[in-house]
$ cat final13.csv   # CSV, C-alpha atoms
chain,number,residue,atom,x,y,z
A,98,MET,CA,228.2,33.9,131.0
A,99,SER,CA,230.1,37.1,131.4
A,100,ALA,CA,231.2,35.9,134.8
A,101,VAL,CA,233.2,33.2,133.1
A,102,PHE,CA,235.0,35.4,130.7
A,103,ASP,CA,235.6,38.0,133.4
A,104,SER,CA,237.0,35.5,135.9
A,105,PRO,CA,240.8,36.1,136.6
A,106,SER,CA,241.1,32.3,136.2
A,107,PHE,CA,239.7,32.2,132.7
A,108,ASP,CA,242.5,31.3,130.4
A,109,GLY,CA,241.0,30.9,127.0
A,110,HIS,CA,239.0,27.8,128.0
A,111,GLU,CA,237.4,26.1,125.1
A,112,THR,CA,234.2,25.1,126.9
A,113,VAL,CA,232.6,25.7,130.3
A,114,SER,CA,229.4,23.8,130.9
A,115,TYR,CA,227.0,24.2,133.8
A,116,ALA,CA,225.0,21.0,134.5
A,117,HIS,CA,221.8,21.0,136.5
A,118,CYS,CA,219.3,18.2,137.2
A,119,PRO,CA,216.4,19.4,139.3
A,120,GLU,CA,215.2,15.9,140.0
A,121,THR,CA,218.5,14.8,141.6
A,122,GLY,CA,219.8,18.1,142.8
A,123,LEU,CA,223.0,17.9,140.7
A,124,LYS,CA,224.8,21.2,140.3
A,125,ALA,CA,228.1,20.8,138.5
A,126,ILE,CA,230.5,22.7,136.3
A,127,ILE,CA,232.7,21.0,133.7
A,128,ALA,CA,235.5,23.1,132.2
A,129,ILE,CA,237.5,22.0,129.2
A,130,HIS,CA,240.6,24.2,129.0
A,131,SER,CA,242.3,22.7,125.9
A,132,THR,CA,241.9,19.7,123.5
A,133,ALA,CA,245.1,20.6,121.5
A,134,LEU,CA,246.8,17.4,122.7
A,135,GLY,CA,243.7,15.2,122.6
A,136,PRO,CA,240.3,14.8,124.4
A,137,ALA,CA,240.3,16.6,127.7
A,138,ALA,CA,240.7,14.4,130.8
A,139,GLY,CA,240.7,15.2,134.5
A,140,GLY,CA,239.1,14.2,137.7
A,141,CYS,CA,235.8,15.3,139.3
A,142,ARG,CA,235.8,16.7,142.8
A,143,MET,CA,232.8,17.2,145.0
A,144,ARG,CA,232.7,19.5,148.0
A,145,HIS,CA,230.8,22.3,149.6
A,146,TYR,CA,231.5,25.7,147.9
A,147,ASP,CA,230.5,28.9,149.5
A,148,SER,CA,229.3,30.2,146.1
A,149,THR,CA,229.1,29.3,142.5
A,150,ASP,CA,231.8,31.8,141.8
A,151,GLU,CA,234.1,29.9,144.1
A,152,ALA,CA,233.3,26.6,142.3
A,153,LEU,CA,233.9,28.3,138.9
A,154,THR,CA,237.3,29.6,140.0
A,155,ASP,CA,238.2,26.1,141.2
A,156,VAL,CA,237.2,24.3,138.0
A,157,LEU,CA,238.9,26.9,135.8
A,158,ARG,CA,242.2,26.7,137.7
A,159,LEU,CA,242.0,22.9,137.9
A,160,SER,CA,241.2,22.4,134.2
A,161,ARG,CA,244.1,24.6,133.2
A,162,GLY,CA,246.4,22.7,135.5
A,163,MET,CA,245.3,19.4,133.8
A,164,THR,CA,246.3,20.8,130.4
A,165,TYR,CA,249.7,21.5,131.7
A,166,LYS,CA,249.9,18.2,133.7
A,167,ASN,CA,249.0,16.1,130.6
A,168,ALA,CA,251.5,18.1,128.5
A,169,MET,CA,254.3,17.5,131.0
A,170,ALA,CA,253.5,13.8,131.2
A,171,GLU,CA,253.6,13.7,127.4
A,172,LEU,CA,250.1,12.2,127.2
A,173,PRO,CA,247.7,12.4,124.2
A,174,LEU,CA,245.2,14.2,126.3
A,175,GLY,CA,244.0,17.7,126.8
A,176,GLY,CA,242.9,19.3,130.1
A,177,GLY,CA,239.5,19.3,131.7
A,178,LYS,CA,237.9,19.1,135.1
A,179,ALA,CA,234.6,18.8,136.8
A,180,VAL,CA,233.4,20.1,140.1
A,181,VAL,CA,230.2,19.1,141.8
A,182,ILE,CA,228.6,21.5,144.4
A,183,GLY,CA,227.4,19.6,147.4
A,184,ASP,CA,228.2,17.4,150.4
A,185,PRO,CA,229.9,14.1,149.3
A,186,GLU,CA,228.7,12.5,152.5
A,187,THR,CA,225.0,13.2,152.2
A,188,ASP,CA,224.1,14.3,148.6
A,189,LYS,CA,225.3,11.4,146.5
A,190,THR,CA,222.7,9.0,145.4
A,191,ASP,CA,222.7,6.5,142.5
A,192,ARG,CA,220.5,8.8,140.4
A,193,PHE,CA,222.5,11.8,141.3
A,194,LEU,CA,225.7,10.2,140.0
A,195,GLU,CA,223.9,8.9,136.9
A,196,SER,CA,222.8,12.5,136.1
A,197,LEU,CA,226.5,13.5,136.3
A,198,GLY,CA,227.1,10.8,133.8
A,199,ASP,CA,224.4,12.3,131.6
A,200,ALA,CA,226.2,15.7,131.7
A,201,VAL,CA,229.5,14.0,130.7
A,202,GLU,CA,227.8,12.1,127.9
A,203,ARG,CA,226.3,15.3,126.5
A,204,LEU,CA,229.9,16.5,125.8
A,205,GLY,CA,230.3,13.8,123.2
A,206,GLY,CA,233.7,12.5,124.3
A,207,SER,CA,235.4,15.8,124.5
A,208,TYR,CA,235.9,15.2,128.2
A,209,TRP,CA,236.8,12.0,130.2
A,210,ILE,CA,235.9,12.0,133.8
A,211,ALA,CA,237.7,10.3,136.7
A,212,GLU,CA,237.7,10.5,140.5
A,213,ASP,CA,239.1,13.2,142.7
A,214,MET,CA,238.4,14.7,146.1
A,215,GLY,CA,235.0,13.5,147.3
A,216,ILE,CA,234.5,11.1,144.4
A,217,GLY,CA,235.7,7.5,144.4
A,218,PRO,CA,235.8,4.5,142.1
A,219,GLU,CA,232.4,3.3,143.4
A,220,ASP,CA,231.0,6.6,142.3
A,221,MET,CA,232.6,6.4,138.9
A,222,ALA,CA,230.9,3.0,138.4
A,223,LYS,CA,227.5,4.7,138.8
A,224,VAL,CA,228.5,7.6,136.5
A,225,ALA,CA,229.5,4.9,133.9
A,226,ARG,CA,225.9,3.7,133.8
A,227,ARG,CA,225.2,6.7,131.6
A,228,THR,CA,228.4,7.4,129.7
A,229,ARG,CA,231.4,5.5,128.5
A,230,TYR,CA,233.8,8.4,129.0
A,231,VAL,CA,234.8,7.4,132.5
A,232,ALA,CA,238.2,6.2,133.9
A,233,GLY,CA,239.2,5.0,137.3
A,234,LEU,CA,236.9,2.0,137.2
A,235,THR,CA,237.5,-1.2,139.1
A,236,ARG,CA,235.8,-3.4,136.5
A,237,GLY,CA,236.0,-3.6,132.7
A,238,LYS,CA,238.3,-4.4,129.9
A,239,ALA,CA,241.0,-1.7,130.8
A,240,ALA,CA,239.9,-0.9,134.4
A,241,SER,CA,242.7,0.1,136.7
A,242,GLY,CA,240.8,1.3,139.8
A,243,ASP,CA,241.7,4.2,142.1
A,244,PRO,CA,244.7,6.0,140.5
A,245,SER,CA,245.8,7.6,143.9
A,246,PRO,CA,248.5,4.9,144.6
A,247,VAL,CA,250.2,5.8,141.4
A,248,THR,CA,249.9,9.5,142.2
A,249,ALA,CA,251.4,8.9,145.6
A,250,GLU,CA,254.3,6.9,144.1
A,251,GLY,CA,255.1,9.8,141.7
A,252,VAL,CA,255.0,12.4,144.5
A,253,PHE,CA,257.2,10.2,146.7
A,254,ARG,CA,259.8,9.9,143.9
A,255,GLY,CA,259.5,13.5,143.0
A,256,LEU,CA,260.0,14.5,146.6
A,257,LYS,CA,263.2,12.5,146.7
A,258,ILE,CA,264.4,14.3,143.6
A,259,ALA,CA,263.7,17.7,145.2
A,260,VAL,CA,265.6,16.6,148.3
A,261,LYS,CA,268.5,15.5,146.2
A,262,HIS,CA,268.7,18.9,144.4
A,263,LYS,CA,268.2,21.1,147.5
A,264,LEU,CA,269.6,19.1,150.4
A,265,GLN,CA,272.1,16.9,148.5
A,266,ARG,CA,270.6,13.9,150.3
A,267,PRO,CA,270.3,10.6,148.5
A,268,SER,CA,267.2,9.6,150.5
A,269,VAL,CA,264.6,10.8,152.9
A,270,LYS,CA,265.8,8.6,155.8
A,271,GLY,CA,265.9,10.7,159.0
A,272,LEU,CA,264.2,13.7,157.4
A,273,THR,CA,261.1,15.3,158.8
A,274,ILE,CA,258.2,15.7,156.4
A,275,ALA,CA,255.2,17.8,157.3
A,276,ILE,CA,252.1,16.5,155.4
A,277,GLN,CA,249.0,18.7,155.0
A,278,GLY,CA,246.1,16.3,154.3
A,279,ILE,CA,246.2,12.5,154.6
A,280,GLY,CA,243.4,11.5,152.2
A,281,HIS,CA,243.9,8.7,149.7
A,282,VAL,CA,247.1,10.2,148.1
A,283,GLY,CA,248.4,11.9,151.3
A,284,TYR,CA,248.1,8.7,153.3
A,285,GLY,CA,249.7,6.6,150.6
A,286,LEU,CA,252.6,9.2,150.5
A,287,ALA,CA,252.9,9.0,154.3
A,288,ARG,CA,253.2,5.2,154.1
A,289,LEU,CA,256.0,5.4,151.5
A,290,LEU,CA,257.9,8.0,153.4
A,291,HIS,CA,257.6,6.1,156.7
A,292,ASP,CA,258.8,2.9,155.0
A,293,ALA,CA,261.8,4.9,153.7
A,294,GLY,CA,262.7,6.1,157.2
A,295,ALA,CA,261.3,9.6,157.3
A,296,CYS,CA,259.7,11.2,160.4
A,297,LEU,CA,256.2,12.5,159.8
A,298,VAL,CA,254.2,15.4,161.1
A,299,VAL,CA,250.6,15.4,159.8
A,300,ALA,CA,247.5,17.6,159.8
A,301,ASP,CA,244.0,16.9,158.7
A,302,VAL,CA,240.4,17.5,159.7
A,303,ASN,CA,239.7,13.7,159.5
A,304,GLU,CA,240.2,12.4,163.1
A,305,SER,CA,240.1,8.8,162.0
A,306,ALA,CA,242.8,9.3,159.4
A,307,LEU,CA,245.0,11.1,162.0
A,308,LYS,CA,244.6,8.2,164.5
A,309,ALA,CA,245.5,5.7,161.8
A,310,ALA,CA,248.6,7.7,160.9
A,311,VAL,CA,249.7,7.9,164.5
A,312,SER,CA,249.1,4.1,164.9
A,313,GLU,CA,250.7,3.0,161.7
A,314,PHE,CA,253.5,5.5,161.2
A,315,GLY,CA,254.1,7.0,164.6
A,316,ALA,CA,253.3,10.4,163.2
A,317,ASP,CA,253.1,13.6,165.2
A,318,VAL,CA,249.8,15.5,164.8
A,319,VAL,CA,249.4,19.2,164.7
A,320,ASP,CA,246.4,21.5,164.1
A,321,PRO,CA,245.6,22.1,160.4
A,322,GLU,CA,246.5,25.8,160.8
A,323,ALA,CA,249.8,25.0,162.6
A,324,ILE,CA,251.2,22.8,159.8
A,325,TYR,CA,252.7,25.9,158.1
A,326,ASP,CA,254.8,26.6,161.2
A,327,VAL,CA,256.4,23.1,161.6
A,328,ASP,CA,260.2,23.1,161.5
A,329,ALA,CA,260.8,20.4,158.9
A,330,ASP,CA,262.8,19.4,155.8
A,331,VAL,CA,259.9,19.2,153.5
A,332,PHE,CA,256.4,20.6,153.5
A,333,ALA,CA,254.0,18.3,151.5
A,334,PRO,CA,250.7,19.9,150.6
A,335,CYS,CA,248.2,17.1,149.9
A,336,ALA,CA,244.8,18.7,150.4
A,337,ALA,CA,243.3,21.9,149.0
A,338,GLY,CA,244.8,24.3,146.5
A,339,ALA,CA,245.9,27.9,146.7
A,340,ILE,CA,247.4,27.4,150.2
A,341,LEU,CA,250.8,28.9,149.3
A,342,ASN,CA,250.3,32.6,149.4
A,343,ALA,CA,251.7,35.8,150.8
A,344,THR,CA,250.3,34.9,154.2
A,345,THR,CA,251.5,31.3,154.5
A,346,ILE,CA,254.8,31.4,152.7
A,347,PRO,CA,256.6,33.6,155.2
A,348,ARG,CA,255.6,31.1,158.0
A,349,LEU,CA,257.2,28.1,156.3
A,350,LYS,CA,260.3,26.7,158.0
A,351,VAL,CA,261.3,24.3,155.3
A,352,PRO,CA,263.8,24.2,152.4
A,353,VAL,CA,261.6,22.1,150.1
A,354,VAL,CA,257.9,22.1,149.2
A,355,ALA,CA,256.8,19.0,147.4
A,356,GLY,CA,253.3,17.6,147.6
A,357,ALA,CA,250.3,16.1,145.8
A,358,ALA,CA,247.7,18.9,146.0
A,359,ASN,CA,246.7,20.7,142.7
A,360,ASN,CA,247.1,24.4,142.3
A,361,GLN,CA,249.2,24.9,145.4
A,362,LEU,CA,250.2,28.4,144.5
A,363,ASP,CA,247.6,31.1,144.6
A,364,GLY,CA,249.4,32.8,141.7
A,365,PRO,CA,252.8,33.1,139.9
A,366,GLU,CA,253.9,35.7,142.5
A,367,SER,CA,253.9,33.0,145.1
A,368,GLY,CA,256.3,30.9,143.1
A,369,ALA,CA,258.6,33.9,143.0
A,370,LEU,CA,258.2,34.5,146.8
A,371,LEU,CA,259.2,30.9,147.5
A,372,GLN,CA,262.3,31.4,145.2
A,373,GLU,CA,263.2,34.6,147.1
A,374,ARG,CA,263.0,32.7,150.4
A,375,GLY,CA,265.3,30.0,149.1
A,376,ILE,CA,262.6,27.3,149.2
A,377,LEU,CA,262.7,24.8,146.3
A,378,TYR,CA,259.1,24.2,145.0
A,379,ALA,CA,258.2,21.1,143.0
A,380,PRO,CA,255.6,22.3,140.4
A,381,ASP,CA,252.4,20.5,141.5
A,382,TYR,CA,251.2,19.5,138.0
A,383,VAL,CA,254.6,17.8,137.3
A,384,ILE,CA,255.1,15.9,140.6
A,385,ASN,CA,251.5,14.7,140.9
A,386,GLY,CA,251.1,13.5,137.3
A,387,GLY,CA,251.1,9.8,138.2
A,388,GLY,CA,247.4,9.5,138.6
A,389,ILE,CA,246.6,10.9,135.1
A,390,ILE,CA,249.2,8.6,133.6
A,391,ASN,CA,247.3,5.7,135.1
A,392,VAL,CA,244.0,7.2,133.8
A,393,ALA,CA,245.5,7.7,130.3
A,394,ALA,CA,246.4,4.0,130.2
A,395,GLU,CA,242.8,3.1,131.0
A,396,ILE,CA,241.4,5.6,128.4
A,397,SER,CA,243.6,3.9,125.7
A,398,GLY,CA,241.5,0.8,126.2
A,399,ASN,CA,244.5,-1.4,126.8
A,400,TYR,CA,245.8,-0.9,130.3
A,401,ASP,CA,249.5,-1.8,130.5
A,402,PRO,CA,251.2,-1.4,133.9
A,403,GLU,CA,254.6,-1.4,132.2
A,404,TRP,CA,253.6,1.6,130.0
A,405,VAL,CA,252.5,3.4,133.2
A,406,ARG,CA,255.8,2.7,134.9
A,407,ALA,CA,257.8,3.9,131.8
A,408,LYS,CA,255.7,7.1,131.6
A,409,LEU,CA,256.2,7.8,135.3
A,410,ASP,CA,259.9,7.2,134.9
A,411,ARG,CA,259.9,9.7,132.1
A,412,LEU,CA,257.9,12.3,134.1
A,413,MET,CA,260.5,12.0,137.0
A,414,GLN,CA,263.3,12.7,134.5
A,415,THR,CA,261.3,15.8,133.3
A,416,LEU,CA,261.0,17.0,136.9
A,417,ASP,CA,264.7,16.5,137.4
A,418,ALA,CA,265.4,18.5,134.3
A,419,VAL,CA,263.1,21.3,135.4
A,420,PHE,CA,265.0,21.7,138.7
A,421,THR,CA,268.3,21.7,136.8
A,422,GLU,CA,267.2,24.3,134.3
A,423,ALA,CA,265.6,26.5,137.1
A,424,ALA,CA,268.9,26.4,139.0
A,425,ARG,CA,270.9,27.2,135.9
A,426,GLN,CA,268.7,30.3,135.1
A,427,ASP,CA,268.0,31.2,138.7
A,428,LEU,CA,264.3,31.0,138.0
A,429,PRO,CA,261.3,29.5,140.0
A,430,PRO,CA,260.8,25.9,138.9
A,431,GLY,CA,257.2,26.6,138.2
A,432,GLU,CA,258.1,29.3,135.6
A,433,VAL,CA,260.4,26.8,133.8
A,434,ALA,CA,257.7,24.1,133.9
A,435,ASP,CA,255.1,26.5,132.6
A,436,ARG,CA,257.3,27.4,129.7
A,437,ILE,CA,257.9,23.8,128.7
A,438,ALA,CA,254.1,23.0,129.0
A,439,ARG,CA,253.1,26.0,126.9
A,440,GLN,CA,255.6,25.1,124.2
A,441,ARG,CA,254.3,21.6,123.9
A,442,ILE,CA,250.7,22.7,123.8
A,443,GLU,CA,251.3,25.3,121.2
A,444,GLU,CA,253.2,22.8,119.0
A,445,ALA,CA,250.3,20.4,119.3
A,446,ARG,CA,247.8,23.2,118.4
A,447,LEU,CA,249.8,24.2,115.3
A,448,ARG,CA,250.0,20.5,114.2
A,449,LYS,CA,246.3,20.2,114.7
A,450,ALA,CA,245.6,23.4,112.7
A,451,GLY,CA,247.5,22.5,109.7

$ encode --input "final13.csv" --output "structure tokens"
Amino acid sequence: MSAVFDSPSFDGHETVSYAHCPETGLKAIIAIHSTALGPAAGGCRMRHYDSTDEALTDVLRLSRGMTYKNAMAELPLGGGKAVVIGDPETDKTDRFLESLGDAVERLGGSYWIAEDMGIGPEDMAKVARRTRYVAGLTRGKAASGDPSPVTAEGVFRGLKIAVKHKLQRPSVKGLTIAIQGIGHVGYGLARLLHDAGACLVVADVNESALKAAVSEFGADVVDPEAIYDVDADVFAPCAAGAILNATTIPRLKVPVVAGAANNQLDGPESGALLQERGILYAPDYVINGGGIINVAAEISGNYDPEWVRAKLDRLMQTLDAVFTEAARQDLPPGEVADRIARQRIEEARLRKAG
């Protein structure tokens, strides 16, 4: 337990639970960062981790990011996240996913789970056999399915706002966008950008996704490591986190970074480094908040697409305001967004306390 409190990524988390089922092989960590704004909500990702410490760092960073994301989207939800240690291609069985549902159920509604990297709607349906605290379902009273299209829509709109601020361009037509990762959200973003007239350069380890992007969008493909060196108008990280750091930022040849990945910065100093280089960074937990807005509508028990659209519109106004305030104060946009999020969380905590 001391490893949790000693972790550089521990940020006053309310609860960190380790879930293990020897019968199914489940090894998962569920982190609840804050319930000041409401029950914690956040997706579950499944992937190979080199160590439990690596998984812990990931879930702590991701859950904190969800608190800030939900605050910036003005949702009645706190921040939480789950990570499952394993291979999503080979380790998932029905009973495995049901045991994950058992772990969520034991938290008594303090955490709502949804899909993320390595976990899809069909997996959530199996988790839901053992707990009702599940979102991202394709069937049910308020089911809305995979939230990634709404995430992609928000990132697309946020990217255009960033382009307006930095390049004074009203659209992305004719711009070159370098996309790192073309999974569900990244591919959806690529389609929206292509339809809007942008030229795409993509990188991914999934060969079939790359072939599809070449066929459908006429995208150019580069090696995953070479995506940082592409001369483009926008770099859109849509894969793993912590990829913007002291090693990669000096290699960037773009005026704008705007993408869907969570925790793109490996620390606040990377936001300052982007600022020093004159690169406008769209805070990830603001621009990629569309998915959790969709999830929040489902959690409410009465999914309303118009409410989702209105909330997404409001979030884009918030992102625009963050850029404006950052420019006025000559600060990294992430610093401005952090300040707004912390203020909203603290106000909610004080209301809850008394």

$ closest_residue --input "final13.csv" --among "A:Asp417, A:Asp243, A:Asp410, A:Glu366" --to "Val392 (chain A)" --atoms "all atoms listed in the file"
A:Asp243

$ closest_atom_pairs --input "final13.csv" --of "region 118-158 of chain A" --to "region 327-341 of chain A" --cutoff "12 Å" --atoms "all atoms listed in the file" --output "Markdown table"
| residue | atom | partner | partner_atom | distance |
| --- | --- | --- | --- | --- |
| A:Arg142 | CA | A:Ala337 | CA | 11.0 |
| A:Arg144 | CA | A:Ala337 | CA | 10.9 |
| A:Thr154 | CA | A:Ala339 | CA | 11.0 |
| A:Asp155 | CA | A:Gly338 | CA | 8.7 |
| A:Val156 | CA | A:Gly338 | CA | 11.4 |
| A:Arg158 | CA | A:Gly338 | CA | 9.5 |

$ residues_near_point --input "final13.csv" --point "(233.8, 6.7, 143.1)" --cutoff "10 Å" --atoms "only C-alpha atoms" --output "PyMOL selection string"
chain A and resi 141+194+211-224+233-235+242-243

$ closest_residue --input "final13.csv" --among "A:Gly198, A:Gly139, A:Gly278, A:Pro430" --to "Val319 (chain A)" --atoms "all atoms listed in the file"
A:Gly278

$ atom_distance --input "final13.csv" --atom1 "CA of Ser160 (chain A)" --atom2 "CA of Lys178 (chain A)"
4.8 Å

$ residues_around --input "final13.csv" --residues "Gly285 (chain A)" --least-positions-apart "5" --cutoff "8 Å" --atoms "only C-alpha atoms" --output "list in words"
Ser245, Pro246, Ala249, Glu250 and Ile279 of chain A

$ atom_distance --input "final13.csv" --atom1 "CA of Asn167 (chain A)" --atom2 "CA of Arg439 (chain A)"
11.3 Å

$ atom_distance --input "final13.csv" --atom1 "CA of Ile396 (chain A)" --atom2 "CA of Gly237 (chain A)"
11.5 Å

$ residues_around --input "final13.csv" --residues "His145 (chain A)" --least-positions-apart "6" --cutoff "12 Å" --atoms "all atoms listed in the file" --output "PyMOL selection string"
chain A and resi 124-125+151-152+155+180-188+214-215

$ write_last_selection --input "final13.csv" --atoms "C-alpha atoms" --output "PDB file, in the frame of the given file"
ATOM      1  CA  LYS A 124     224.800  21.200 140.300  1.00  0.00           C
ATOM      2  CA  ALA A 125     228.100  20.800 138.500  1.00  0.00           C
ATOM      3  CA  GLU A 151     234.100  29.900 144.100  1.00  0.00           C
ATOM      4  CA  ALA A 152     233.300  26.600 142.300  1.00  0.00           C
ATOM      5  CA  ASP A 155     238.200  26.100 141.200  1.00  0.00           C
ATOM      6  CA  VAL A 180     233.400  20.100 140.100  1.00  0.00           C
ATOM      7  CA  VAL A 181     230.200  19.100 141.800  1.00  0.00           C
ATOM      8  CA  ILE A 182     228.600  21.500 144.400  1.00  0.00           C
ATOM      9  CA  GLY A 183     227.400  19.600 147.400  1.00  0.00           C
ATOM     10  CA  ASP A 184     228.200  17.400 150.400  1.00  0.00           C
ATOM     11  CA  PRO A 185     229.900  14.100 149.300  1.00  0.00           C
ATOM     12  CA  GLU A 186     228.700  12.500 152.500  1.00  0.00           C
ATOM     13  CA  THR A 187     225.000  13.200 152.200  1.00  0.00           C
ATOM     14  CA  ASP A 188     224.100  14.300 148.600  1.00  0.00           C
ATOM     15  CA  MET A 214     238.400  14.700 146.100  1.00  0.00           C
ATOM     16  CA  GLY A 215     235.000  13.500 147.300  1.00  0.00           C
TER      17      GLY A 215
END

$ closest_residue --input "final13.csv" --among "A:Gly135, A:Pro429, A:Gly255, A:Pro267" --to "Arg448 (chain A)" --atoms "all atoms listed in the file"
A:Gly135

$ build_atoms --input "final13.csv" --residues "region 385-399 of chain A" --atoms "N, CA, C and O atoms" --output "mmCIF file, in the coordinates of the input"
data_model
loop_
_atom_site.group_PDB
_atom_site.id
_atom_site.type_symbol
_atom_site.label_atom_id
_atom_site.label_comp_id
_atom_site.auth_asym_id
_atom_site.auth_seq_id
_atom_site.Cartn_x
_atom_site.Cartn_y
_atom_site.Cartn_z
ATOM 1 N N ASN A 385 252.706 15.541 140.606
ATOM 2 C CA ASN A 385 251.500 14.700 140.900
ATOM 3 C C ASN A 385 250.879 14.111 139.672
ATOM 4 O O ASN A 385 249.711 13.730 139.697
ATOM 5 N N GLY A 386 251.645 13.962 138.601
ATOM 6 C CA GLY A 386 251.100 13.500 137.300
ATOM 7 C C GLY A 386 250.894 11.965 137.248
ATOM 8 O O GLY A 386 250.383 11.471 136.235
ATOM 9 N N GLY A 387 251.259 11.210 138.274
ATOM 10 C CA GLY A 387 251.100 9.800 138.200
ATOM 11 C C GLY A 387 249.712 9.279 137.983
ATOM 12 O O GLY A 387 249.457 8.336 137.219
ATOM 13 N N GLY A 388 248.764 9.928 138.661
ATOM 14 C CA GLY A 388 247.400 9.500 138.600
ATOM 15 C C GLY A 388 246.823 9.625 137.149
ATOM 16 O O GLY A 388 246.142 8.724 136.648
ATOM 17 N N ILE A 389 247.114 10.743 136.487
ATOM 18 C CA ILE A 389 246.600 10.900 135.100
ATOM 19 C C ILE A 389 247.281 10.016 134.139
ATOM 20 O O ILE A 389 246.687 9.621 133.127
ATOM 21 N N ILE A 390 248.526 9.649 134.410
ATOM 22 C CA ILE A 390 249.200 8.600 133.600
ATOM 23 C C ILE A 390 248.424 7.329 133.662
ATOM 24 O O ILE A 390 248.152 6.661 132.652
ATOM 25 N N ASN A 391 248.049 6.950 134.872
ATOM 26 C CA ASN A 391 247.300 5.700 135.100
ATOM 27 C C ASN A 391 245.932 5.804 134.361
ATOM 28 O O ASN A 391 245.484 4.857 133.718
ATOM 29 N N VAL A 392 245.290 6.972 134.466
ATOM 30 C CA VAL A 392 244.000 7.200 133.800
ATOM 31 C C VAL A 392 244.160 7.112 132.278
ATOM 32 O O VAL A 392 243.322 6.532 131.577
ATOM 33 N N ALA A 393 245.240 7.702 131.759
ATOM 34 C CA ALA A 393 245.500 7.700 130.300
ATOM 35 C C ALA A 393 245.611 6.252 129.795
ATOM 36 O O ALA A 393 245.128 5.927 128.699
ATOM 37 N N ALA A 394 246.260 5.393 130.573
ATOM 38 C CA ALA A 394 246.400 4.000 130.200
ATOM 39 C C ALA A 394 245.034 3.326 130.085
ATOM 40 O O ALA A 394 244.766 2.529 129.174
ATOM 41 N N GLU A 395 244.153 3.684 131.006
ATOM 42 C CA GLU A 395 242.800 3.100 131.000
ATOM 43 C C GLU A 395 242.002 3.654 129.816
ATOM 44 O O GLU A 395 241.293 2.905 129.133
ATOM 45 N N ILE A 396 242.115 4.953 129.537
ATOM 46 C CA ILE A 396 241.400 5.600 128.400
ATOM 47 C C ILE A 396 241.811 4.931 127.090
ATOM 48 O O ILE A 396 240.997 4.797 126.170
ATOM 49 N N SER A 397 243.068 4.517 126.992
ATOM 50 C CA SER A 397 243.600 3.900 125.700
ATOM 51 C C SER A 397 242.842 2.630 125.395
ATOM 52 O O SER A 397 242.878 2.196 124.246
ATOM 53 N N GLY A 398 242.201 2.018 126.396
ATOM 54 C CA GLY A 398 241.500 0.800 126.200
ATOM 55 C C GLY A 398 242.320 -0.473 126.335
ATOM 56 O O GLY A 398 241.827 -1.592 126.197
ATOM 57 N N ASN A 399 243.593 -0.290 126.662
ATOM 58 C CA ASN A 399 244.500 -1.400 126.800
ATOM 59 C C ASN A 399 245.455 -1.120 127.974
ATOM 60 O O ASN A 399 246.613 -0.759 127.736
#
